[in-house]
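Visitor: Sharing my_file34.csv, CSV, C-alpha atoms:
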chain,number,residue,atom,x,y,z
A,579,MET,CA,6.5,4.1,-14.3
A,580,ALA,CA,4.1,2.8,-16.9
A,581,SER,CA,0.4,3.7,-16.7
A,582,ARG,CA,-1.8,1.0,-15.3
A,583,LYS,CA,-5.0,-0.4,-16.7
A,584,THR,CA,-4.1,0.5,-20.3
A,585,ALA,CA,-5.2,-2.2,-22.6
A,586,GLY,CA,-3.9,-2.4,-26.2
A,587,PRO,CA,-5.8,-4.7,-28.5
A,588,SER,CA,-3.6,-7.7,-29.4
A,589,GLY,CA,-6.1,-10.4,-30.1
A,590,ALA,CA,-9.3,-11.1,-32.0
A,591,LEU,CA,-11.7,-9.8,-29.3
A,592,ASP,CA,-12.3,-6.5,-27.7
A,593,PRO,CA,-12.2,-6.4,-23.9
A,594,ASP,CA,-15.7,-7.0,-22.6
A,595,PHE,CA,-16.1,-6.7,-18.8
A,596,ILE,CA,-19.4,-7.0,-16.9
A,597,VAL,CA,-19.8,-5.8,-13.3
A,598,THR,CA,-21.2,-8.3,-10.8
A,599,VAL,CA,-20.5,-9.8,-7.4
A,600,PRO,CA,-18.4,-13.0,-7.7
A,601,ASP,CA,-19.2,-16.1,-5.7
A,602,GLY,CA,-17.9,-15.8,-2.1
A,603,ASP,CA,-17.4,-12.0,-2.4
A,604,ASN,CA,-19.4,-9.1,-1.1
A,605,ARG,CA,-18.7,-6.4,-3.7
A,606,GLU,CA,-19.2,-5.8,-7.3
A,607,ARG,CA,-16.1,-6.6,-9.4
A,608,ARG,CA,-15.3,-6.4,-13.2
A,609,ILE,CA,-15.5,-9.9,-14.7
A,610,CYS,CA,-14.5,-10.7,-18.3
A,611,GLY,CA,-17.5,-11.7,-20.4
A,612,HIS,CA,-15.3,-13.8,-22.5
A,613,CYS,CA,-13.4,-15.9,-20.0
A,614,GLY,CA,-14.6,-15.1,-16.4
A,615,PHE,CA,-11.3,-13.5,-15.3
A,616,VAL,CA,-12.0,-11.3,-12.2
A,617,ASP,CA,-10.3,-7.9,-12.5
A,618,TYR,CA,-10.1,-6.9,-8.8
A,619,ASP,CA,-9.7,-3.1,-8.7
A,620,ASN,CA,-7.1,-3.3,-6.0
A,621,PRO,CA,-5.8,0.1,-4.8
A,622,ARG,CA,-2.3,0.8,-6.2
A,623,ILE,CA,0.7,1.7,-4.1
A,624,VAL,CA,2.8,4.6,-5.1
A,625,VAL,CA,6.2,4.8,-3.4
A,626,GLY,CA,8.6,7.8,-3.5
A,627,SER,CA,10.8,10.0,-1.5
A,628,VAL,CA,11.8,13.5,-0.6
A,629,VAL,CA,15.5,13.3,-1.2
A,630,ARG,CA,17.7,15.9,0.5
A,631,HIS,CA,21.3,16.8,-0.2
A,632,ASP,CA,23.1,19.8,1.5
A,633,GLY,CA,19.8,21.3,2.5
A,634,ARG,CA,18.4,21.1,-1.1
A,635,ILE,CA,15.6,18.8,-2.4
A,636,LEU,CA,15.7,16.6,-5.5
A,637,LEU,CA,12.9,17.3,-8.1
A,638,CYS,CA,12.3,15.8,-11.5
A,639,ARG,CA,10.6,17.5,-14.4
A,640,ARG,CA,8.2,14.9,-16.0
A,641,ALA,CA,8.9,13.8,-19.6
A,642,ILE,CA,5.7,11.7,-19.7
A,643,GLU,CA,2.0,12.3,-19.2
A,644,PRO,CA,0.2,12.9,-17.0
A,645,ARG,CA,1.5,16.3,-16.1
A,646,LYS,CA,4.3,16.3,-18.6
A,647,GLY,CA,6.7,19.3,-18.1
A,648,LEU,CA,5.8,19.8,-14.4
A,649,TRP,CA,8.0,19.0,-11.4
A,650,THR,CA,7.6,16.0,-9.2
A,651,LEU,CA,9.3,13.9,-6.6
A,652,PRO,CA,10.9,10.6,-7.6
A,653,ALA,CA,8.0,8.3,-7.2
A,654,GLY,CA,6.0,5.6,-9.0
A,655,TYR,CA,4.1,2.3,-8.7
A,656,LEU,CA,5.5,-0.3,-6.3
A,657,GLU,CA,6.2,-3.6,-8.1
A,658,SER,CA,5.0,-6.9,-6.6
A,659,GLY,CA,7.6,-8.4,-4.3
A,660,GLU,CA,9.3,-5.1,-3.5
A,661,THR,CA,9.3,-3.4,-0.1
A,662,PRO,CA,8.1,0.2,-0.2
A,663,ALA,CA,11.7,1.4,0.6
A,664,GLU,CA,13.1,-0.8,-2.3
A,665,GLY,CA,10.5,0.7,-4.7
A,666,ALA,CA,11.4,4.3,-3.6
A,667,ILE,CA,15.1,3.5,-4.2
A,668,ARG,CA,14.4,2.1,-7.7
A,669,GLU,CA,12.2,5.1,-8.7
A,670,ALA,CA,15.0,7.5,-7.7
A,671,ARG,CA,17.4,5.5,-9.8
A,672,GLU,CA,15.0,5.3,-12.8
A,673,GLU,CA,13.9,8.9,-12.8
A,674,ALA,CA,17.0,10.8,-11.6
A,675,ASN,CA,19.9,8.2,-11.8
A,676,ALA,CA,20.1,8.9,-8.1
A,677,ALA,CA,21.5,6.6,-5.5
A,678,ILE,CA,19.6,7.3,-2.3
A,679,THR,CA,19.5,6.2,1.3
A,680,ILE,CA,16.1,5.9,3.0
A,681,CYS,CA,15.8,7.6,6.4
A,682,GLY,CA,12.2,6.7,7.3
A,683,VAL,CA,8.6,6.8,6.3
A,684,LEU,CA,7.4,10.4,5.9
A,685,ALA,CA,3.8,10.0,5.0
A,686,ILE,CA,1.0,7.7,3.9
A,687,TYR,CA,-1.4,9.6,1.6
A,688,THR,CA,-4.6,8.4,0.0
A,689,VAL,CA,-5.8,9.7,-3.4
A,690,ARG,CA,-9.3,8.3,-3.2
A,691,ARG,CA,-10.4,9.1,-6.7
A,692,LEU,CA,-7.5,7.2,-8.2
A,693,GLY,CA,-7.5,4.4,-5.6
A,694,GLN,CA,-3.9,5.2,-4.7
A,695,VAL,CA,-2.1,4.8,-1.5
A,696,GLN,CA,1.2,6.7,-1.5
A,697,ILE,CA,4.0,5.8,0.8
A,698,MET,CA,6.5,8.6,0.8
A,699,HIS,CA,9.9,8.4,2.5
A,700,ARG,CA,12.5,10.8,3.8
A,701,ALA,CA,15.8,10.1,2.0
A,702,ARG,CA,19.4,11.4,1.4
A,703,LEU,CA,21.5,11.3,-1.7
A,704,ALA,CA,24.2,8.6,-1.2
A,705,ASP,CA,26.1,10.1,-4.2
A,706,PRO,CA,25.7,13.8,-5.3
A,707,VAL,CA,25.8,12.9,-9.1
A,708,ILE,CA,22.3,12.9,-10.6
A,709,SER,CA,20.9,13.2,-14.1
A,710,ALA,CA,17.6,12.9,-15.9
A,711,GLY,CA,16.3,9.4,-16.4
A,712,GLN,CA,14.1,8.2,-19.2
A,713,GLU,CA,10.9,9.6,-17.6
A,714,SER,CA,12.4,13.0,-16.7
A,715,LEU,CA,13.2,16.0,-18.9
A,716,GLU,CA,15.6,17.4,-16.3
A,717,VAL,CA,16.4,16.9,-12.6
A,718,GLY,CA,17.6,19.4,-10.0
A,719,LEU,CA,18.4,20.1,-6.4
A,720,PHE,CA,16.3,23.0,-5.1
A,721,THR,CA,16.5,25.2,-2.0
A,722,TRP,CA,13.2,25.7,-0.3
A,723,ARG,CA,12.6,29.1,-1.8
A,724,ASP,CA,13.6,28.0,-5.3
A,725,ILE,CA,11.0,25.2,-5.4
A,726,PRO,CA,8.8,25.8,-8.5
A,727,TRP,CA,5.5,25.8,-6.5
A,728,PRO,CA,3.2,26.8,-9.4
A,729,ASP,CA,4.7,24.1,-11.5
A,730,LEU,CA,4.4,21.1,-9.2
A,731,ALA,CA,2.8,18.1,-10.9
A,732,PHE,CA,0.6,16.8,-8.1
A,733,PRO,CA,-1.0,17.9,-4.8
A,734,THR,CA,0.8,15.1,-3.0
A,735,VAL,CA,4.2,16.6,-4.1
A,736,ALA,CA,3.3,19.8,-2.3
A,737,TRP,CA,2.1,17.9,0.8
A,738,ALA,CA,5.3,15.8,1.0
A,739,LEU,CA,7.5,18.9,0.6
A,740,ASN,CA,5.7,20.7,3.4
A,741,HIS,CA,5.6,17.5,5.6
A,742,ASP,CA,9.3,16.9,5.0
A,743,ARG,CA,10.1,20.4,6.1
A,744,ALA,CA,8.0,19.9,9.3
A,745,ALA,CA,9.9,16.7,10.0
A,746,GLU,CA,13.2,18.5,9.4
A,747,THR,CA,12.2,21.0,12.1
A,748,GLY,CA,11.4,18.1,14.4
A,749,GLY,CA,8.9,17.5,17.1
A,750,THR,CA,6.2,16.2,14.8
A,751,ALA,CA,5.2,12.5,14.7
A,752,MET,CA,5.5,10.7,11.4
A,753,PRO,CA,4.0,9.4,9.3
A,754,PHE,CA,1.9,12.3,8.1
A,755,PHE,CA,-1.4,11.8,6.3
A,756,ASN,CA,-3.5,13.8,3.9
A,757,PRO,CA,-3.8,17.4,5.1
A,758,PRO,CA,-7.3,18.0,6.7
A,759,GLY,CA,-10.0,18.1,4.0
A,760,GLU,CA,-7.6,17.3,1.2
A,761,ASP,CA,-8.3,14.5,-1.2
A,762,GLY,CA,-5.5,15.0,-3.8
A,763,ASP,CA,-8.0,16.4,-6.4
A,764,LEU,CA,-6.0,17.8,-9.3
A,765,GLN,CA,-8.5,20.4,-10.4
A,766,ARG,CA,-8.6,22.1,-7.1
A,767,PHE,CA,-4.8,22.0,-6.9
A,768,ASP,CA,-4.4,23.7,-10.2
A,769,GLN,CA,-6.9,26.4,-9.2
A,770,ALA,CA,-4.9,27.0,-6.0
A,771,THR,CA,-1.4,27.1,-7.6
A,772,GLY,CA,-2.3,28.5,-11.0
A,773,ALA,CA,-0.5,25.7,-12.8
A,774,ALA,CA,-1.5,24.8,-16.3
A,775,GLY,CA,-4.2,22.1,-16.1
B,1367,MET,CA,-12.1,-10.7,2.6
B,1368,ALA,CA,-12.5,-12.5,-0.7
B,1369,SER,CA,-9.4,-14.2,-2.2
B,1370,ARG,CA,-7.9,-12.3,-5.1
B,1371,LYS,CA,-7.0,-13.5,-8.6
B,1372,THR,CA,-9.5,-16.3,-8.5
B,1373,ALA,CA,-11.2,-16.7,-11.8
B,1374,GLY,CA,-14.4,-18.6,-12.3
B,1375,PRO,CA,-15.4,-19.5,-15.9
B,1376,SER,CA,-18.5,-17.6,-16.9
B,1377,GLY,CA,-18.0,-17.3,-20.6
B,1378,ALA,CA,-17.2,-19.3,-23.7
B,1379,LEU,CA,-13.4,-19.0,-23.5
B,1380,ASP,CA,-10.8,-20.1,-21.0
B,1381,PRO,CA,-8.5,-17.4,-19.6
B,1382,ASP,CA,-5.4,-17.3,-21.9
B,1383,PHE,CA,-2.7,-15.0,-20.7
B,1384,ILE,CA,0.7,-14.5,-22.4
B,1385,VAL,CA,3.6,-12.9,-20.6
B,1386,THR,CA,5.4,-10.0,-22.5
B,1387,VAL,CA,6.5,-6.4,-22.1
B,1388,PRO,CA,3.7,-4.0,-23.1
B,1389,ASP,CA,4.5,-0.9,-25.2
B,1390,GLY,CA,6.0,1.9,-23.1
B,1391,ASP,CA,6.7,-0.5,-20.1
B,1392,ASN,CA,10.0,-2.0,-18.9
B,1393,ARG,CA,8.7,-5.2,-17.3
B,1394,GLU,CA,7.0,-8.4,-18.4
B,1395,ARG,CA,3.2,-8.4,-17.7
B,1396,ARG,CA,0.4,-10.9,-18.2
B,1397,ILE,CA,-1.6,-9.9,-21.3
B,1398,CYS,CA,-4.9,-11.6,-22.3
B,1399,GLY,CA,-4.3,-13.5,-25.6
B,1400,HIS,CA,-8.0,-12.9,-26.5
B,1401,CYS,CA,-8.4,-9.2,-26.0
B,1402,GLY,CA,-5.1,-7.5,-25.0
B,1403,PHE,CA,-6.1,-6.7,-21.4
B,1404,VAL,CA,-3.0,-6.1,-19.3
B,1405,ASP,CA,-3.2,-7.8,-15.9
B,1406,TYR,CA,-0.7,-5.7,-13.9
B,1407,ASP,CA,0.4,-7.8,-10.9
B,1408,ASN,CA,0.1,-4.9,-8.5
B,1409,PRO,CA,1.1,-5.6,-5.0
B,1410,ARG,CA,-1.9,-5.8,-2.7
B,1411,ILE,CA,-2.4,-3.8,0.4
B,1412,VAL,CA,-3.6,-5.6,3.6
B,1413,VAL,CA,-4.8,-3.3,6.3
B,1414,GLY,CA,-5.5,-4.3,9.9
B,1415,SER,CA,-5.1,-3.4,13.5
B,1416,VAL,CA,-4.0,-4.5,17.0
B,1417,VAL,CA,-7.1,-3.5,18.9
B,1418,ARG,CA,-6.7,-3.1,22.7
B,1419,HIS,CA,-9.4,-2.9,25.4
B,1420,ASP,CA,-8.6,-2.8,29.1
B,1421,GLY,CA,-5.1,-4.2,28.4
B,1422,ARG,CA,-6.4,-7.1,26.4
B,1423,ILE,CA,-6.0,-7.6,22.6
B,1424,LEU,CA,-8.7,-8.6,20.1
B,1425,LEU,CA,-8.1,-11.8,18.1
B,1426,CYS,CA,-10.4,-13.6,15.6
B,1427,ARG,CA,-10.4,-17.3,14.9
B,1428,ARG,CA,-10.5,-17.7,11.1
B,1429,ALA,CA,-13.6,-19.4,9.6
B,1430,ILE,CA,-12.2,-19.4,6.1
B,1431,GLU,CA,-9.1,-20.6,4.3
B,1432,PRO,CA,-6.2,-20.0,4.3
B,1433,ARG,CA,-5.3,-21.0,7.9
B,1434,LYS,CA,-8.9,-21.8,8.9
B,1435,GLY,CA,-9.2,-22.4,12.7
B,1436,LEU,CA,-6.2,-20.3,13.6
B,1437,TRP,CA,-6.1,-16.9,15.3
B,1438,THR,CA,-5.5,-13.6,13.5
B,1439,LEU,CA,-5.9,-9.9,13.9
B,1440,PRO,CA,-8.8,-8.2,12.2
B,1441,ALA,CA,-7.2,-7.4,8.8
B,1442,GLY,CA,-7.9,-7.8,5.1
B,1443,TYR,CA,-7.5,-6.3,1.6
B,1444,LEU,CA,-7.9,-2.6,1.3
B,1445,GLU,CA,-10.6,-1.7,-1.2
B,1446,SER,CA,-10.0,0.9,-3.9
B,1447,GLY,CA,-10.9,4.4,-2.6
B,1448,GLU,CA,-10.5,3.7,1.1
B,1449,THR,CA,-7.8,5.1,3.3
B,1450,PRO,CA,-5.8,2.4,5.1
B,1451,ALA,CA,-7.4,3.6,8.4
B,1452,GLU,CA,-10.9,3.3,6.9
B,1453,GLY,CA,-10.1,-0.2,5.6
B,1454,ALA,CA,-8.8,-1.3,9.1
B,1455,ILE,CA,-12.1,0.0,10.7
B,1456,ARG,CA,-14.1,-1.9,8.1
B,1457,GLU,CA,-12.2,-5.1,8.6
B,1458,ALA,CA,-12.7,-5.0,12.4
B,1459,ARG,CA,-16.4,-4.5,11.8
B,1460,GLU,CA,-16.7,-7.3,9.3
B,1461,GLU,CA,-14.6,-9.9,11.2
B,1462,ALA,CA,-15.5,-9.0,14.9
B,1463,ASN,CA,-18.5,-6.7,14.7
B,1464,ALA,CA,-16.1,-4.3,16.5
B,1465,ALA,CA,-16.3,-0.6,16.5
B,1466,ILE,CA,-12.7,0.7,16.8
B,1467,THR,CA,-10.8,4.0,17.0
B,1468,ILE,CA,-7.5,4.1,15.1
B,1469,CYS,CA,-4.6,5.5,17.2
B,1470,GLY,CA,-1.8,5.4,14.7
B,1471,VAL,CA,0.2,3.4,12.2
B,1472,LEU,CA,2.0,0.6,14.0
B,1473,ALA,CA,3.9,-1.1,11.1
B,1474,ILE,CA,4.4,-1.5,7.4
B,1475,TYR,CA,5.3,-5.1,6.6
B,1476,THR,CA,6.2,-6.6,3.2
B,1477,VAL,CA,5.3,-10.3,2.5
B,1478,ARG,CA,7.5,-10.5,-0.7
B,1479,ARG,CA,6.3,-13.9,-1.8
B,1480,LEU,CA,2.7,-12.9,-1.8
B,1481,GLY,CA,3.3,-9.4,-3.2
B,1482,GLN,CA,1.7,-7.9,-0.1
B,1483,VAL,CA,2.2,-4.7,1.8
B,1484,GLN,CA,0.5,-4.8,5.2
B,1485,ILE,CA,-0.3,-1.5,6.9
B,1486,MET,CA,-1.1,-2.3,10.5
B,1487,HIS,CA,-2.6,0.2,13.0
B,1488,ARG,CA,-2.8,0.6,16.7
B,1489,ALA,CA,-6.5,0.9,17.8
B,1490,ARG,CA,-8.9,0.8,20.7
B,1491,LEU,CA,-12.3,-0.6,21.0
B,1492,ALA,CA,-14.9,2.2,20.9
B,1493,ASP,CA,-17.5,-0.2,22.3
B,1494,PRO,CA,-16.7,-3.3,24.3
B,1495,VAL,CA,-19.4,-5.4,22.6
B,1496,ILE,CA,-17.8,-7.8,20.0
B,1497,SER,CA,-19.0,-10.9,18.2
B,1498,ALA,CA,-17.8,-13.2,15.5
B,1499,GLY,CA,-18.4,-11.9,12.0
B,1500,GLN,CA,-19.0,-14.0,8.9
B,1501,GLU,CA,-15.3,-14.8,8.4
B,1502,SER,CA,-14.6,-15.7,12.1
B,1503,LEU,CA,-15.5,-18.8,14.1
B,1504,GLU,CA,-15.1,-16.9,17.3
B,1505,VAL,CA,-13.5,-13.7,18.6
B,1506,GLY,CA,-12.0,-12.8,22.0
B,1507,LEU,CA,-10.0,-10.4,24.0
B,1508,PHE,CA,-6.7,-11.8,25.2
B,1509,THR,CA,-4.2,-10.8,27.9
B,1510,TRP,CA,-0.6,-11.0,26.7
B,1511,ARG,CA,0.1,-14.3,28.4
B,1512,ASP,CA,-3.2,-15.9,27.1
B,1513,ILE,CA,-2.4,-15.2,23.5
B,1514,PRO,CA,-2.5,-18.5,21.6
B,1515,TRP,CA,1.0,-18.2,20.2
B,1516,PRO,CA,1.2,-21.7,18.7
B,1517,ASP,CA,-2.1,-21.1,16.9
B,1518,LEU,CA,-1.5,-17.8,15.3
B,1519,ALA,CA,-2.4,-17.8,11.6
B,1520,PHE,CA,0.4,-15.7,10.1
B,1521,PRO,CA,3.9,-14.5,11.0
B,1522,THR,CA,2.8,-10.9,10.6
B,1523,VAL,CA,0.3,-11.4,13.4
B,1524,ALA,CA,3.1,-12.4,15.8
B,1525,TRP,CA,5.2,-9.4,14.5
B,1526,ALA,CA,2.4,-7.0,15.1
B,1527,LEU,CA,1.6,-8.2,18.6
B,1528,ASN,CA,5.2,-7.9,19.6
B,1529,HIS,CA,5.6,-4.5,17.9
B,1530,ASP,CA,2.4,-3.2,19.6
B,1531,ARG,CA,3.7,-4.3,22.9
B,1532,ALA,CA,7.0,-2.4,22.2
B,1533,ALA,CA,4.9,0.6,21.2
B,1534,GLU,CA,2.9,0.3,24.4
B,1535,THR,CA,6.1,0.4,26.5
B,1536,GLY,CA,7.0,3.6,24.5
B,1537,GLY,CA,10.3,5.1,23.4
B,1538,THR,CA,10.3,3.2,20.1
B,1539,ALA,CA,9.7,5.0,16.8
B,1540,MET,CA,6.8,3.8,14.6
B,1541,PRO,CA,6.1,2.5,12.1
B,1542,PHE,CA,7.9,-0.8,12.6
B,1543,PHE,CA,9.0,-3.0,9.6
B,1544,ASN,CA,9.7,-6.7,9.1
B,1545,PRO,CA,11.9,-8.0,11.8
B,1546,PRO,CA,15.5,-8.4,10.5
B,1547,GLY,CA,15.8,-11.4,8.2
B,1548,GLU,CA,12.1,-12.1,8.3
B,1549,ASP,CA,10.1,-12.4,5.0
B,1550,GLY,CA,6.8,-13.6,6.3
B,1551,ASP,CA,7.4,-17.2,5.0
B,1552,LEU,CA,4.7,-19.4,6.4
B,1553,GLN,CA,6.6,-22.7,6.5
B,1554,ARG,CA,9.4,-21.3,8.6
B,1555,PHE,CA,6.8,-19.8,10.9
B,1556,ASP,CA,5.0,-23.1,11.4
B,1557,GLN,CA,8.3,-24.8,12.2
B,1558,ALA,CA,9.1,-22.1,14.8
B,1559,THR,CA,5.7,-22.2,16.5
B,1560,GLY,CA,4.7,-25.8,16.0
B,1561,ALA,CA,1.3,-24.7,14.5
B,1562,ALA,CA,-0.5,-27.1,12.1
B,1563,GLY,CA,0.6,-26.3,8.6
When written as structure tokens, how does the structure in this file appear?
Guide:
Amino acid sequence: MASRKTAGPSGALDPDFIVTVPDGDNRERRICGHCGFVDYDNPRIVVGSVVRHDGRILLCRRAIEPRKGLWTLPAGYLESGETPAEGAIREAREEANAAITICGVLAIYTVRRLGQVQIMHRARLADPVISAGQESLEVGLFTWRDIPWPDLAFPTVAWALNHDRAAETGGTAMPFFNPPGEDGDLQRFDQATGAAG
Amino acid sequence: MASRKTAGPSGALDPDFIVTVPDGDNRERRICGHCGFVDYDNPRIVVGSVVRHDGRILLCRRAIEPRKGLWTLPAGYLESGETPAEGAIREAREEANAAITICGVLAIYTVRRLGQVQIMHRARLADPVISAGQESLEVGLFTWRDIPWPDLAFPTVAWALNHDRAAETGGTAMPFFNPPGEDGDLQRFDQATGAAG
């Protein structure tokens, strides 16, 4: 997935946003000082999946920042007009050349600081052949005890792995949400796991 | 909720976006011809709830366009940094002065044409006192047979009411998704219900 909110100068002016409450609104928004364009800071939807095959789980090692070199689940920003399941299928294809079948919604996480809502699915490989996509250095299928816990890219990856395991055991209602007291803060996660920050 | 993507001229220039693929991306995006700002067309998250009290369901008659005068569930755009449950609680307060308790995630709907993902919850009134908020003409608690079906504002309102009833009966896994073949198209909905388009 491409990073959002990255502007590259392509014209004569620099971006120049002011913060004010637009007419008919009740919150401050960023408004372009040049043309009046309102940049609503909508929360962004990340979609992804915990993909299982023969009891193992698909992980991708990130080829791009942030968290390059660390392991993640196939996931990324939902595109406009996609269903969350379609987005999760696309991300698995883009990042791991993986064909997956969605089994259900595993979890809905909120990463408040980033304004992200993450919709994570349970999925199965429809075809066992996988390979690194453009945004992955390598991909692999991991048994539970081989999961590289200290080298996971994001807190939500650890949450989803544990929630998927709980769902596999059964008896627990889905979707799951943020673990109690957890906000997806990366610094705290790195302190806990010892991963390179 | 305020409408999104509405720009009001406040500066010297008119908005002037070109459509092209930014560096490092794989899709066309709208980019400001003046300053290079990338306007990612992220899907927007609508959050809301089916709120029950003594077997009746809370509906709000819309005081604003679109679909002014028609009945809807308390729902609106999620703000950045909110959890979906927090957003649903805020919308019930804003639209019906209602204090609600969230019971779970009822459904995740996609309205493809609008680039919307709707996360609907099951909820209960924490306090029976309700009244019309700024965006509502009136609010009320309806028994199932009193629901104004021909005057519902959106297809997703009808879906959520029916899914909530199925959940109340029990034995059905949540969250629900779009009914088979349904895309949330308003024109088809109006033809089906006979509501004023």
Visitor: Excluding segment 627-641 of chain A and its own-chain neighbours fewer than 6 positions away, which residues fall within 6 Å of it when counting all atoms listed in the file? Please give them as a ChimeraX atom specification.
Guide: /A:647-651,698-703,713-721
Visitor: Quick one: of B:Val1412, B:Val1495, B:Ile1513, B:Ile1397, who's nearest to Ala1464 of chain B, counting only C-alpha atoms?
Guide: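 Using only C-alpha atoms, the shortest distance to Ala1464 of chain B belongs to B:Val1495.
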Visitor: Can you tell me how far atom CA of Pro1521 of chain B sits from atom CA of Leu1472 of chain B, in Å to one decimal?
Guide: 15.5 Å
Visitor: What gap, in Å, lies between atom CA of Arg622 of chain A and atom CA of Ala590 of chain A?
Guide: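 That distance, rounded to one decimal, is 29.3 Å.
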Visitor: One decimal, in Å: what's the spacing between atom CA of Gly759 of chain A and atom CA of Thr771 of chain A?
Guide: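 Those two atoms sit 17.0 Å apart.
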Visitor: Taking all atoms listed in the file into account, find every residue of chain A that has an atom no more than 9 Å from chain B, and write it out as a VMD selection string.
Guide: chain A and resid 579 to 594 600 to 604 609 to 623 655 to 662 682 to 683 686 to 695 751 to 753
Visitor: If we count all atoms listed in the file and set the cut-off at 10 Å, which residues sit around Ala677 of chain A, ignoring sequence neighbours fewer than 4 positions away in its own chain? Please answer as a list in words.
Guide: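 Contacts, in chain order: Val629, Ile667, Arg668, Glu669, Ala670, Arg671, Glu672, Arg702, Leu703, Ala704, Asp705, Pro706, Val707 and Ile708 of chain A.
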Visitor: My list of candidates is A:Phe732, A:Ala666, A:Ala685, A:Leu739. Which is closest to Arg766 of chain A when distances are computed with only C-alpha atoms?
Guide: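 Nearest candidate to Arg766 of chain A out of A:Phe732, A:Ala666, A:Ala685, A:Leu739: A:Phe732.
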Visitor: Using all atoms listed in the file, find the one residue out of A:Pro757, A:Gly711, A:Glu673, A:Lys646 that sits nearest to Asn740 of chain A.
Guide: A:Pro757
Visitor: Reconstruct segment 1517-1528 of chain B at the level of N, CA and C atoms, and format the result as a compact mmCIF listing (two decimals), keeping the file's coordinate frame.
Guide:
# COMPACT_ATOMS: atom_id res chain seq x y z
N ASP B 1517 -1.01 -21.07 17.84
CA ASP B 1517 -2.10 -21.10 16.90
C ASP B 1517 -2.41 -19.82 16.22
N LEU B 1518 -1.37 -19.01 16.04
CA LEU B 1518 -1.50 -17.80 15.30
C LEU B 1518 -1.47 -18.13 13.78
N ALA B 1519 -2.28 -17.43 12.98
CA ALA B 1519 -2.40 -17.80 11.60
C ALA B 1519 -1.24 -17.40 10.70
N PHE B 1520 -0.65 -16.25 10.99
CA PHE B 1520 0.40 -15.70 10.10
C PHE B 1520 1.55 -15.11 10.88
N PRO B 1521 2.75 -15.15 10.30
CA PRO B 1521 3.90 -14.50 11.00
C PRO B 1521 3.66 -13.07 11.30
N THR B 1522 3.00 -12.34 10.38
CA THR B 1522 2.80 -10.90 10.60
C THR B 1522 1.92 -10.63 11.81
N VAL B 1523 1.07 -11.60 12.20
CA VAL B 1523 0.30 -11.40 13.40
C VAL B 1523 1.19 -11.41 14.64
N ALA B 1524 2.14 -12.33 14.67
CA ALA B 1524 3.10 -12.40 15.80
C ALA B 1524 3.95 -11.10 15.81
N TRP B 1525 4.40 -10.67 14.61
CA TRP B 1525 5.20 -9.40 14.50
C TRP B 1525 4.40 -8.25 15.12
N ALA B 1526 3.16 -8.12 14.66
CA ALA B 1526 2.40 -7.00 15.10
C ALA B 1526 2.08 -6.97 16.56
N LEU B 1527 1.82 -8.15 17.12
CA LEU B 1527 1.60 -8.20 18.60
C LEU B 1527 2.81 -7.78 19.33
N ASN B 1528 3.97 -8.25 18.92
CA ASN B 1528 5.20 -7.90 19.60
C ASN B 1528 5.53 -6.39 19.41
